[in-house]
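In what follows, a structure is listed as structure tokens, so that the remarks can point back to it.
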Amino acid sequence: MYEVIFYETIKGKCPIEEFLNNLEPKMRAKVLRNLDLLNEYGPTLREPYSKFLGDGLFEVRTQFDGNITRVLYFFISGKDIILTNGFTKSTRKTPPSEIELAKKYRDDFIKRKVSK
């Protein structure tokens, strides 16, 4: 099994937890189920559940009742999966701003947690 970790800012804010808490209960349950699959299968989880976005970033994809959510993540030290941010999609492509935010969080995580 892999370890799923929620990224926290230096001030203790947890963007992914906030995102999950604001989802409708049924969507949250489906997203959490897909995150359980990620926890179990790690980098072998593929579409339709997970998609590689490039530059070491991936997304967990969840559809329910006409809505689509994405949770962005990256791998570190083999077995750790760091969840950075999530959003509800309104277009077919992942917004570049969400990818940039995930990269910012990844760089911060590596700087504070890995470089010690």
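Each chain of the structure tokens is named A, B, ... in the order shown, its residues numbered from 1; ligands are numbered from 1 in display order.
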
Handout entry: Selection near region 49-63 of chain A, 6 Å with only C-alpha atoms, sequence-local residues under 6 positions removed, as a PyMOL selection string
Key = chain A and resi 31+69-74

Exercise for the section: Excluding Pro15 (chain A) and residues on its chain fewer than 2 positions from it, collect all residues at most 10 Å away from it, counting only C-alpha atoms, and give them as a list in words. Expected result: Phe6, Tyr7, Glu8, Thr9, Gly12, Lys13, Glu17, Glu18, Phe19, Leu20, Asn21, Leu83, Thr84, Asn85, Gly86 and Tyr105 of chain A

So that I have them on file, write out the residues from the current selection with N, CA, C and O atoms, as a tab-separated table (two decimals), in the first residue's frame.
```
chain	number	residue	atom	x	y	z
A	6	PHE	N	-2.10	14.61	2.76
A	6	PHE	CA	-2.69	15.89	2.37
A	6	PHE	C	-1.64	16.98	2.54
A	6	PHE	O	-1.11	17.16	3.63
A	7	TYR	N	-1.35	17.71	1.47
A	7	TYR	CA	-0.42	18.83	1.54
A	7	TYR	C	-0.98	19.91	2.48
A	7	TYR	O	-2.17	20.21	2.45
A	8	GLU	N	-0.10	20.48	3.31
A	8	GLU	CA	-0.44	21.61	4.16
A	8	GLU	C	0.52	22.76	3.89
A	8	GLU	O	1.73	22.53	3.74
A	9	THR	N	-0.01	23.97	3.84
A	9	THR	CA	0.83	25.15	3.67
A	9	THR	C	1.64	25.36	4.94
A	9	THR	O	1.36	24.75	5.98
A	12	GLY	N	-0.42	26.01	7.89
A	12	GLY	CA	-1.30	24.94	8.35
A	12	GLY	C	-2.59	24.79	7.56
A	12	GLY	O	-3.44	23.98	7.91
A	13	LYS	N	-2.75	25.54	6.49
A	13	LYS	CA	-3.93	25.41	5.64
A	13	LYS	C	-3.80	24.13	4.81
A	13	LYS	O	-2.72	23.81	4.31
A	17	GLU	N	-8.18	19.22	1.90
A	17	GLU	CA	-9.20	18.94	2.93
A	17	GLU	C	-10.35	19.93	2.80
A	17	GLU	O	-11.52	19.54	2.88
A	18	GLU	N	-10.03	21.20	2.57
A	18	GLU	CA	-11.07	22.21	2.38
A	18	GLU	C	-11.93	21.88	1.16
A	18	GLU	O	-13.15	21.99	1.20
A	19	PHE	N	-11.27	21.47	0.08
A	19	PHE	CA	-12.00	21.09	-1.14
A	19	PHE	C	-12.95	19.93	-0.86
A	19	PHE	O	-14.14	19.99	-1.21
A	20	LEU	N	-12.44	18.89	-0.24
A	20	LEU	CA	-13.27	17.71	0.05
A	20	LEU	C	-14.44	18.05	0.97
A	20	LEU	O	-15.56	17.58	0.76
A	21	ASN	N	-14.19	18.88	1.97
A	21	ASN	CA	-15.26	19.25	2.91
A	21	ASN	C	-16.36	20.06	2.25
A	21	ASN	O	-17.49	20.08	2.77
A	83	LEU	N	-1.42	14.77	-2.03
A	83	LEU	CA	-2.57	15.42	-2.65
A	83	LEU	C	-2.42	16.92	-2.45
A	83	LEU	O	-2.24	17.38	-1.32
A	84	THR	N	-2.51	17.69	-3.53
A	84	THR	CA	-2.25	19.13	-3.43
A	84	THR	C	-3.51	19.97	-3.43
A	84	THR	O	-3.74	20.75	-2.52
A	85	ASN	N	-4.32	19.85	-4.46
A	85	ASN	CA	-5.51	20.68	-4.60
A	85	ASN	C	-6.56	19.95	-5.41
A	85	ASN	O	-6.25	18.97	-6.09
A	86	GLY	N	-7.78	20.44	-5.34
A	86	GLY	CA	-8.87	19.85	-6.09
A	86	GLY	C	-9.77	20.93	-6.65
A	86	GLY	O	-9.75	22.06	-6.19
A	105	TYR	N	2.52	24.11	-4.81
A	105	TYR	CA	2.41	23.32	-3.59
A	105	TYR	C	3.46	22.21	-3.55
A	105	TYR	O	4.05	21.94	-2.50
```

Practice task
Return as an NGL selection string the full set of residues in chain A whose backbone-based DSSP assignment is strand (DSSP E or B).
Solution key: :A and (3-6 or 50-54 or 57-64 or 67-76 or 80-88)

Problem - Interatomic distance (Å, one decimal) between CA of Lys79 (chain A) and CA of Leu37 (chain A) - result: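 Atom-to-atom, CA of Lys79 (chain A) to CA of Leu37 (chain A), that is 14.0 Å.
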
Practice task
Excluding Tyr2 (chain A) and residues on its chain fewer than 3 positions from it, collect all residues at most 10 Å away from it, counting only C-alpha atoms, and give them as number ranges by chain.
Solution key: A: 5, 36, 38-43, 75, 78-81

Problem - Atom-to-atom span, CA of Glu47 (chain A) and CA of Val114 (chain A), Å - result: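 For CA of Glu47 (chain A) relative to CA of Val114 (chain A), the distance reads 29.1 Å.
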
Problem - Residue list (alpha helix (DSSP H), DSSP) for chain A, as a VMD selection string - result: chain A and resid 15 to 21 25 to 41 96 to 109

For the selection just defined, write its residues with N, CA, C and O atoms to a file, as a short mmCIF file (atom, residue, chain, number, x, y, z; two decimals), in the first residue's frame.
```cif
data_model
loop_
_atom_site.label_atom_id
_atom_site.label_comp_id
_atom_site.auth_asym_id
_atom_site.auth_seq_id
_atom_site.Cartn_x
_atom_site.Cartn_y
_atom_site.Cartn_z
N PRO A 15 -5.43 22.73 1.57
CA PRO A 15 -6.34 22.97 0.45
C PRO A 15 -7.19 21.78 0.05
O PRO A 15 -8.38 21.93 -0.27
N ILE A 16 -6.63 20.59 0.05
CA ILE A 16 -7.39 19.42 -0.39
C ILE A 16 -8.48 19.06 0.62
O ILE A 16 -9.58 18.67 0.25
N GLU A 17 -8.18 19.22 1.90
CA GLU A 17 -9.20 18.94 2.93
C GLU A 17 -10.35 19.93 2.80
O GLU A 17 -11.52 19.54 2.88
N GLU A 18 -10.03 21.20 2.57
CA GLU A 18 -11.07 22.21 2.38
C GLU A 18 -11.93 21.88 1.16
O GLU A 18 -13.15 21.99 1.20
N PHE A 19 -11.27 21.47 0.08
CA PHE A 19 -12.00 21.09 -1.14
C PHE A 19 -12.95 19.93 -0.86
O PHE A 19 -14.14 19.99 -1.21
N LEU A 20 -12.44 18.89 -0.24
CA LEU A 20 -13.27 17.71 0.05
C LEU A 20 -14.44 18.05 0.97
O LEU A 20 -15.56 17.58 0.76
N ASN A 21 -14.19 18.88 1.97
CA ASN A 21 -15.26 19.25 2.91
C ASN A 21 -16.36 20.06 2.25
O ASN A 21 -17.49 20.08 2.77
N PRO A 25 -22.14 15.52 -0.24
CA PRO A 25 -21.79 14.25 0.42
C PRO A 25 -21.61 13.06 -0.52
O PRO A 25 -20.67 12.28 -0.36
N LYS A 26 -22.47 12.91 -1.53
CA LYS A 26 -22.34 11.76 -2.44
C LYS A 26 -21.11 11.89 -3.32
O LYS A 26 -20.43 10.90 -3.58
N MET A 27 -20.81 13.10 -3.77
CA MET A 27 -19.60 13.30 -4.57
C MET A 27 -18.37 13.06 -3.70
O MET A 27 -17.42 12.42 -4.14
N ARG A 28 -18.39 13.57 -2.47
CA ARG A 28 -17.26 13.36 -1.56
C ARG A 28 -17.02 11.87 -1.36
O ARG A 28 -15.88 11.41 -1.40
N ALA A 29 -18.08 11.10 -1.19
CA ALA A 29 -17.94 9.66 -1.00
C ALA A 29 -17.29 9.00 -2.22
O ALA A 29 -16.41 8.14 -2.07
N LYS A 30 -17.68 9.42 -3.42
CA LYS A 30 -17.08 8.85 -4.63
C LYS A 30 -15.61 9.26 -4.77
O LYS A 30 -14.77 8.45 -5.14
N VAL A 31 -15.31 10.52 -4.46
CA VAL A 31 -13.91 10.97 -4.53
C VAL A 31 -13.07 10.18 -3.54
O VAL A 31 -11.98 9.70 -3.88
N LEU A 32 -13.57 10.02 -2.32
CA LEU A 32 -12.82 9.27 -1.30
C LEU A 32 -12.63 7.82 -1.72
O LEU A 32 -11.58 7.23 -1.46
N ARG A 33 -13.61 7.25 -2.39
CA ARG A 33 -13.46 5.88 -2.90
C ARG A 33 -12.34 5.81 -3.93
O ARG A 33 -11.53 4.90 -3.93
N ASN A 34 -12.29 6.81 -4.82
CA ASN A 34 -11.23 6.83 -5.82
C ASN A 34 -9.86 7.08 -5.17
O ASN A 34 -8.85 6.54 -5.63
N LEU A 35 -9.83 7.87 -4.11
CA LEU A 35 -8.57 8.07 -3.38
C LEU A 35 -8.14 6.78 -2.69
O LEU A 35 -6.94 6.51 -2.56
N ASP A 36 -9.10 5.97 -2.26
CA ASP A 36 -8.77 4.65 -1.71
C ASP A 36 -8.12 3.77 -2.78
O ASP A 36 -7.18 3.03 -2.49
N LEU A 37 -8.64 3.85 -4.01
CA LEU A 37 -8.02 3.10 -5.11
C LEU A 37 -6.59 3.58 -5.36
O LEU A 37 -5.69 2.78 -5.57
N LEU A 38 -6.40 4.89 -5.30
CA LEU A 38 -5.05 5.45 -5.45
C LEU A 38 -4.14 4.94 -4.34
O LEU A 38 -2.99 4.57 -4.59
N ASN A 39 -4.66 4.91 -3.13
CA ASN A 39 -3.90 4.40 -2.00
C ASN A 39 -3.48 2.95 -2.21
O ASN A 39 -2.37 2.55 -1.89
N GLU A 40 -4.37 2.17 -2.79
CA GLU A 40 -4.10 0.75 -3.00
C GLU A 40 -3.17 0.49 -4.20
O GLU A 40 -2.25 -0.31 -4.12
N TYR A 41 -3.41 1.17 -5.31
CA TYR A 41 -2.71 0.86 -6.54
C TYR A 41 -1.56 1.81 -6.89
O TYR A 41 -0.75 1.50 -7.75
N PRO A 96 -4.96 25.47 -16.59
CA PRO A 96 -3.53 25.69 -16.30
C PRO A 96 -3.30 26.29 -14.92
O PRO A 96 -2.30 25.99 -14.28
N SER A 97 -4.22 27.10 -14.44
CA SER A 97 -4.06 27.71 -13.11
C SER A 97 -4.05 26.65 -12.01
O SER A 97 -3.32 26.78 -11.02
N GLU A 98 -4.83 25.59 -12.17
CA GLU A 98 -4.86 24.51 -11.18
C GLU A 98 -3.56 23.72 -11.22
O GLU A 98 -3.03 23.30 -10.19
N ILE A 99 -3.02 23.50 -12.42
CA ILE A 99 -1.75 22.80 -12.56
C ILE A 99 -0.62 23.63 -11.94
O ILE A 99 0.22 23.11 -11.21
N GLU A 100 -0.62 24.92 -12.20
CA GLU A 100 0.40 25.80 -11.63
C GLU A 100 0.31 25.82 -10.10
O GLU A 100 1.34 25.84 -9.42
N LEU A 101 -0.90 25.82 -9.57
CA LEU A 101 -1.08 25.78 -8.12
C LEU A 101 -0.52 24.49 -7.55
O LEU A 101 0.18 24.49 -6.53
N ALA A 102 -0.79 23.37 -8.21
CA ALA A 102 -0.25 22.08 -7.76
C ALA A 102 1.27 22.08 -7.80
O ALA A 102 1.93 21.56 -6.88
N LYS A 103 1.86 22.69 -8.82
CA LYS A 103 3.33 22.77 -8.91
C LYS A 103 3.88 23.63 -7.77
O LYS A 103 4.91 23.29 -7.17
N LYS A 104 3.22 24.72 -7.48
CA LYS A 104 3.63 25.60 -6.38
C LYS A 104 3.60 24.83 -5.05
O LYS A 104 4.55 24.89 -4.27
N TYR A 105 2.52 24.11 -4.81
CA TYR A 105 2.41 23.32 -3.59
C TYR A 105 3.46 22.21 -3.55
O TYR A 105 4.05 21.94 -2.50
N ARG A 106 3.69 21.56 -4.69
CA ARG A 106 4.72 20.51 -4.75
C ARG A 106 6.09 21.07 -4.41
O ARG A 106 6.82 20.49 -3.60
N ASP A 107 6.44 22.20 -5.02
CA ASP A 107 7.75 22.80 -4.77
C ASP A 107 7.90 23.19 -3.30
O ASP A 107 8.95 22.99 -2.70
N ASP A 108 6.83 23.73 -2.72
CA ASP A 108 6.85 24.09 -1.30
C ASP A 108 7.02 22.85 -0.42
O ASP A 108 7.81 22.84 0.52
N PHE A 109 6.28 21.79 -0.75
CA PHE A 109 6.36 20.55 0.02
C PHE A 109 7.78 20.00 -0.01
O PHE A 109 8.35 19.65 1.02
#
```

Problem - Computed interatomic separation between CA of Arg112 (chain A) and CA of Cys14 (chain A) (Å) - result: 15.0 Å
